[in-house]
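Peer 1: My questions all concern the structure below.
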Amino acid sequence: MQIQMTVNEKKIQADIAPDMLLIDFLRAHGCYSVKRGCETSNCGLCTVFMDDRPVLSCSLLAARADGHKVTTLEGLQEEAEGFGAFIADQGAEQCGFCNPGFMMNGIAMFRENPDPTDEEILEYLAGNLCRCSGYEGQLRGIRSYIEYKKQQADEKGGDA
């Protein structure tokens, strides 16, 4: 089956098996930030954006992404770099395996709600499994990043 999609701003055409999952398609095309964790759509490690909305690539057939725009963490390096530094600064990386999923969902959250409450943050990130931490480091990192963005916006006299 022939499909075409835009992955990180690059058009890709490929012949795939009808049962190929999007995670396998993306990894086959060099997107290694997309990770396989639970294979039950519960851990968030495989989160990508499809048409700018977060989806779990382990539970989506690649054929369903035909004609769509897919963005992985590799395609969001600039946006993710600053945010990631705040997560690392709070010691929330530990093994780092869950970071791509957290980053993708954090970016999605910031786009939808640039000033969430702690409860909203925890609710939004509930689908991300981290076996190393109690999520407190991630929460502190997200809060610090939000405060930094507010400070930047105040200094510029508008939104950051």
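Residue numbers start at 1 in each chain; chains themselves are named A, B, ... in the order of the structure tokens; ligands are numbered from 1 in the order shown.
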DSSP on the backbone: what in range 14-106 of chain A comes out alpha helix (DSSP H), as a ChimeraX atom specification?
Peer 2: /A:22-28,77-89,99-106
Peer 1: Keeping N, CA and C atoms, export the residues of the selection given above as a PDB file, in the first residue's frame.
Peer 2:
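Listed below is the output, selection12.pdb:
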ATOM      1  N   LEU A  22       2.280   3.472  12.950  1.00  0.00           N
ATOM      2  CA  LEU A  22       2.962   4.733  12.692  1.00  0.00           C
ATOM      3  C   LEU A  22       4.308   4.777  13.405  1.00  0.00           C
ATOM      4  N   ILE A  23       4.404   4.248  14.616  1.00  0.00           N
ATOM      5  CA  ILE A  23       5.677   4.235  15.341  1.00  0.00           C
ATOM      6  C   ILE A  23       6.760   3.530  14.526  1.00  0.00           C
ATOM      7  N   ASP A  24       6.415   2.411  13.912  1.00  0.00           N
ATOM      8  CA  ASP A  24       7.401   1.657  13.130  1.00  0.00           C
ATOM      9  C   ASP A  24       7.781   2.409  11.852  1.00  0.00           C
ATOM     10  N   PHE A  25       6.807   3.062  11.239  1.00  0.00           N
ATOM     11  CA  PHE A  25       7.083   3.868  10.051  1.00  0.00           C
ATOM     12  C   PHE A  25       8.051   4.999  10.395  1.00  0.00           C
ATOM     13  N   LEU A  26       7.776   5.696  11.483  1.00  0.00           N
ATOM     14  CA  LEU A  26       8.613   6.831  11.867  1.00  0.00           C
ATOM     15  C   LEU A  26      10.025   6.401  12.237  1.00  0.00           C
ATOM     16  N   ARG A  27      10.156   5.334  12.995  1.00  0.00           N
ATOM     17  CA  ARG A  27      11.488   4.853  13.368  1.00  0.00           C
ATOM     18  C   ARG A  27      12.255   4.366  12.144  1.00  0.00           C
ATOM     19  N   ALA A  28      11.547   3.765  11.196  1.00  0.00           N
ATOM     20  CA  ALA A  28      12.195   3.322   9.956  1.00  0.00           C
ATOM     21  C   ALA A  28      12.707   4.507   9.133  1.00  0.00           C
ATOM     22  N   GLN A  77      13.051  20.670  17.647  1.00  0.00           N
ATOM     23  CA  GLN A  77      14.269  20.858  18.433  1.00  0.00           C
ATOM     24  C   GLN A  77      14.380  22.229  19.084  1.00  0.00           C
ATOM     25  N   GLU A  78      14.093  23.269  18.333  1.00  0.00           N
ATOM     26  CA  GLU A  78      14.233  24.617  18.893  1.00  0.00           C
ATOM     27  C   GLU A  78      13.257  24.835  20.049  1.00  0.00           C
ATOM     28  N   GLU A  79      12.024  24.447  19.838  1.00  0.00           N
ATOM     29  CA  GLU A  79      10.997  24.599  20.867  1.00  0.00           C
ATOM     30  C   GLU A  79      11.289  23.721  22.080  1.00  0.00           C
ATOM     31  N   ALA A  80      11.803  22.536  21.833  1.00  0.00           N
ATOM     32  CA  ALA A  80      12.045  21.581  22.908  1.00  0.00           C
ATOM     33  C   ALA A  80      13.316  21.872  23.696  1.00  0.00           C
ATOM     34  N   GLU A  81      14.280  22.488  23.048  1.00  0.00           N
ATOM     35  CA  GLU A  81      15.578  22.695  23.692  1.00  0.00           C
ATOM     36  C   GLU A  81      15.463  23.503  24.984  1.00  0.00           C
ATOM     37  N   GLY A  82      14.783  24.643  24.924  1.00  0.00           N
ATOM     38  CA  GLY A  82      14.648  25.472  26.119  1.00  0.00           C
ATOM     39  C   GLY A  82      13.858  24.787  27.210  1.00  0.00           C
ATOM     40  N   PHE A  83      12.758  24.179  26.842  1.00  0.00           N
ATOM     41  CA  PHE A  83      11.915  23.466  27.796  1.00  0.00           C
ATOM     42  C   PHE A  83      12.694  22.324  28.451  1.00  0.00           C
ATOM     43  N   GLY A  84      13.427  21.563  27.656  1.00  0.00           N
ATOM     44  CA  GLY A  84      14.192  20.423  28.160  1.00  0.00           C
ATOM     45  C   GLY A  84      15.230  20.816  29.202  1.00  0.00           C
ATOM     46  N   ALA A  85      15.816  21.992  29.037  1.00  0.00           N
ATOM     47  CA  ALA A  85      16.815  22.457  30.003  1.00  0.00           C
ATOM     48  C   ALA A  85      16.197  22.648  31.382  1.00  0.00           C
ATOM     49  N   PHE A  86      14.952  23.106  31.429  1.00  0.00           N
ATOM     50  CA  PHE A  86      14.277  23.301  32.712  1.00  0.00           C
ATOM     51  C   PHE A  86      13.936  21.964  33.361  1.00  0.00           C
ATOM     52  N   ILE A  87      13.587  20.982  32.566  1.00  0.00           N
ATOM     53  CA  ILE A  87      13.308  19.638  33.102  1.00  0.00           C
ATOM     54  C   ILE A  87      14.594  19.041  33.664  1.00  0.00           C
ATOM     55  N   ALA A  88      15.687  19.167  32.915  1.00  0.00           N
ATOM     56  CA  ALA A  88      16.974  18.627  33.359  1.00  0.00           C
ATOM     57  C   ALA A  88      17.459  19.336  34.617  1.00  0.00           C
ATOM     58  N   ASP A  89      17.249  20.650  34.693  1.00  0.00           N
ATOM     59  CA  ASP A  89      17.692  21.435  35.834  1.00  0.00           C
ATOM     60  C   ASP A  89      17.037  20.976  37.134  1.00  0.00           C
ATOM     61  N   ASN A  99      11.537  11.074  28.517  1.00  0.00           N
ATOM     62  CA  ASN A  99      11.610  12.491  28.152  1.00  0.00           C
ATOM     63  C   ASN A  99      10.948  12.855  26.834  1.00  0.00           C
ATOM     64  N   PRO A 100      11.140  12.115  25.740  1.00  0.00           N
ATOM     65  CA  PRO A 100      10.493  12.538  24.496  1.00  0.00           C
ATOM     66  C   PRO A 100       8.977  12.639  24.614  1.00  0.00           C
ATOM     67  N   GLY A 101       8.355  11.691  25.280  1.00  0.00           N
ATOM     68  CA  GLY A 101       6.902  11.752  25.462  1.00  0.00           C
ATOM     69  C   GLY A 101       6.492  12.930  26.320  1.00  0.00           C
ATOM     70  N   PHE A 102       7.237  13.167  27.420  1.00  0.00           N
ATOM     71  CA  PHE A 102       6.954  14.319  28.265  1.00  0.00           C
ATOM     72  C   PHE A 102       7.123  15.618  27.479  1.00  0.00           C
ATOM     73  N   MET A 103       8.183  15.689  26.701  1.00  0.00           N
ATOM     74  CA  MET A 103       8.449  16.902  25.923  1.00  0.00           C
ATOM     75  C   MET A 103       7.320  17.158  24.935  1.00  0.00           C
ATOM     76  N   MET A 104       6.914  16.137  24.211  1.00  0.00           N
ATOM     77  CA  MET A 104       5.854  16.311  23.218  1.00  0.00           C
ATOM     78  C   MET A 104       4.547  16.750  23.882  1.00  0.00           C
ATOM     79  N   ASN A 105       4.200  16.104  24.982  1.00  0.00           N
ATOM     80  CA  ASN A 105       2.957  16.464  25.660  1.00  0.00           C
ATOM     81  C   ASN A 105       3.055  17.810  26.371  1.00  0.00           C
ATOM     82  N   GLY A 106       4.228  18.142  26.874  1.00  0.00           N
ATOM     83  CA  GLY A 106       4.430  19.460  27.466  1.00  0.00           C
ATOM     84  C   GLY A 106       4.269  20.561  26.426  1.00  0.00           C
TER      85      GLY A 106
END
Peer 1: With a distance cut-off of 9 Å and only C-alpha atoms, select the neighbouring residues of Pro18 in chain A, excluding the residue or stretch itself and same-chain residues fewer than 6 positions from it, and output the selection as a list of chain:residue names.
Peer 2: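 The neighbour list is A:Met1, A:Leu61, A:Ala62, A:Ala63.
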Peer 1: Kindly indicate which residue among A:Lys11, A:Arg64, A:Arg131, A:Arg140 lies nearest to Phe97 in chain A, using only C-alpha atoms for the distances.
Peer 2: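 Nearest to Phe97 in chain A: A:Arg131.
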Peer 1: I need the residues in range 35-102 of chain A that are strand (DSSP E) according to DSSP; give them as a ChimeraX atom specification.
Peer 2: /A:47-50,53-56,69-71
Peer 1: Can you tell me, as a PyMOL selection string, what residues are no more than 10 Å from Leu122 in chain A when counting only C-alpha atoms, ignoring any on the same chain fewer than 5 positions away?
Peer 2: chain A and resi 116-117+127-128+135-136+138-139
Peer 1: If you count only C-alpha atoms, which residues fall within 12 Å of Cys58 in chain A, apart from same-chain ones fewer than 5 positions away, as an mmCIF file with C-alpha atoms, in the first residue's frame?
Peer 2:
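File produced: selection_5.cif:
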data_model
loop_
_atom_site.group_PDB
_atom_site.id
_atom_site.type_symbol
_atom_site.label_atom_id
_atom_site.label_comp_id
_atom_site.auth_asym_id
_atom_site.auth_seq_id
_atom_site.Cartn_x
_atom_site.Cartn_y
_atom_site.Cartn_z
ATOM 1 C CA ASP A 19 -0.862 -3.305 9.351
ATOM 2 C CA MET A 20 2.267 -1.167 9.871
ATOM 3 C CA LEU A 21 2.008 1.083 12.911
ATOM 4 C CA LEU A 22 2.962 4.733 12.692
ATOM 5 C CA ILE A 23 5.677 4.235 15.341
ATOM 6 C CA ASP A 24 7.401 1.657 13.130
ATOM 7 C CA PHE A 25 7.083 3.868 10.051
ATOM 8 C CA LEU A 26 8.613 6.831 11.867
ATOM 9 C CA ARG A 27 11.488 4.853 13.368
ATOM 10 C CA VAL A 34 9.546 8.012 19.111
ATOM 11 C CA LYS A 35 9.892 5.147 21.566
ATOM 12 C CA ARG A 36 8.081 1.918 22.216
ATOM 13 C CA GLY A 37 7.315 1.453 25.890
ATOM 14 C CA CYS A 38 4.145 -0.377 26.825
ATOM 15 C CA GLU A 39 2.573 -1.292 23.459
ATOM 16 C CA THR A 40 -0.818 -0.739 25.104
ATOM 17 C CA SER A 41 -1.254 3.031 24.537
ATOM 18 C CA ASN A 42 -0.685 3.769 28.229
ATOM 19 C CA CYS A 43 2.827 5.189 28.635
ATOM 20 C CA GLY A 44 3.009 8.191 26.273
ATOM 21 C CA LEU A 45 6.518 7.394 25.023
ATOM 22 C CA CYS A 46 5.344 7.177 21.416
ATOM 23 C CA THR A 47 3.590 10.586 21.361
ATOM 24 C CA VAL A 48 3.863 12.545 18.120
#
Peer 1: Find the residues around Met109 in chain A up to 8 Å (only C-alpha atoms counted), leave out those fewer than 5 positions away in its own chain, and share them as a list in words.
Peer 2: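 Near Met109 in chain A, the qualifying residues are Pro114, Ile121 and Tyr124 of chain A.
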Peer 1: Between A:Val7, A:Ala153, A:Cys95, A:Ala126, single out the one closest to Glu74 in chain A, counting only C-alpha atoms.
Peer 2: A:Val7
Peer 1: If we count only C-alpha atoms and set the cut-off at 7 Å, which residues sit around Thr71 in chain A, ignoring sequence neighbours fewer than 2 positions away in its own chain? Please answer as a VMD selection string.
Peer 2: chain A and resid 7 to 8 48 to 50 69 73 75
Peer 1: Take the residues from that selection and put them in a file with C-alpha atoms, as a PDB file, in the first residue's frame.
Peer 2:
ATOM      1  CA  VAL A   7       7.265  14.107   8.535  1.00  0.00           C
ATOM      2  CA  ASN A   8       9.084  16.988  10.203  1.00  0.00           C
ATOM      3  CA  VAL A  48       3.863  12.545  18.120  1.00  0.00           C
ATOM      4  CA  PHE A  49       1.847  15.379  16.622  1.00  0.00           C
ATOM      5  CA  MET A  50      -0.426  14.629  13.694  1.00  0.00           C
ATOM      6  CA  LYS A  69       1.543  16.248   8.694  1.00  0.00           C
ATOM      7  CA  LEU A  73      10.590  15.657  18.701  1.00  0.00           C
ATOM      8  CA  GLY A  75      11.076  18.370  14.226  1.00  0.00           C
TER       9      GLY A  75
END
Peer 1: Out of A:Gln90, A:Ser33, A:Gln4, A:Gln13, which residue has the shortest atom-to-atom distance to Asp66 in chain A when counting only C-alpha atoms?
Peer 2: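 Under the stated criterion, the closest residue is A:Gln4.
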Peer 1: Return the single residue from A:Ile16, A:Cys98, A:Val55, A:Leu76 that is closest to Cys31 in chain A, with distances computed using only C-alpha atoms.
Peer 2: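 Of all the options, A:Leu76 lies closest to Cys31 in chain A.
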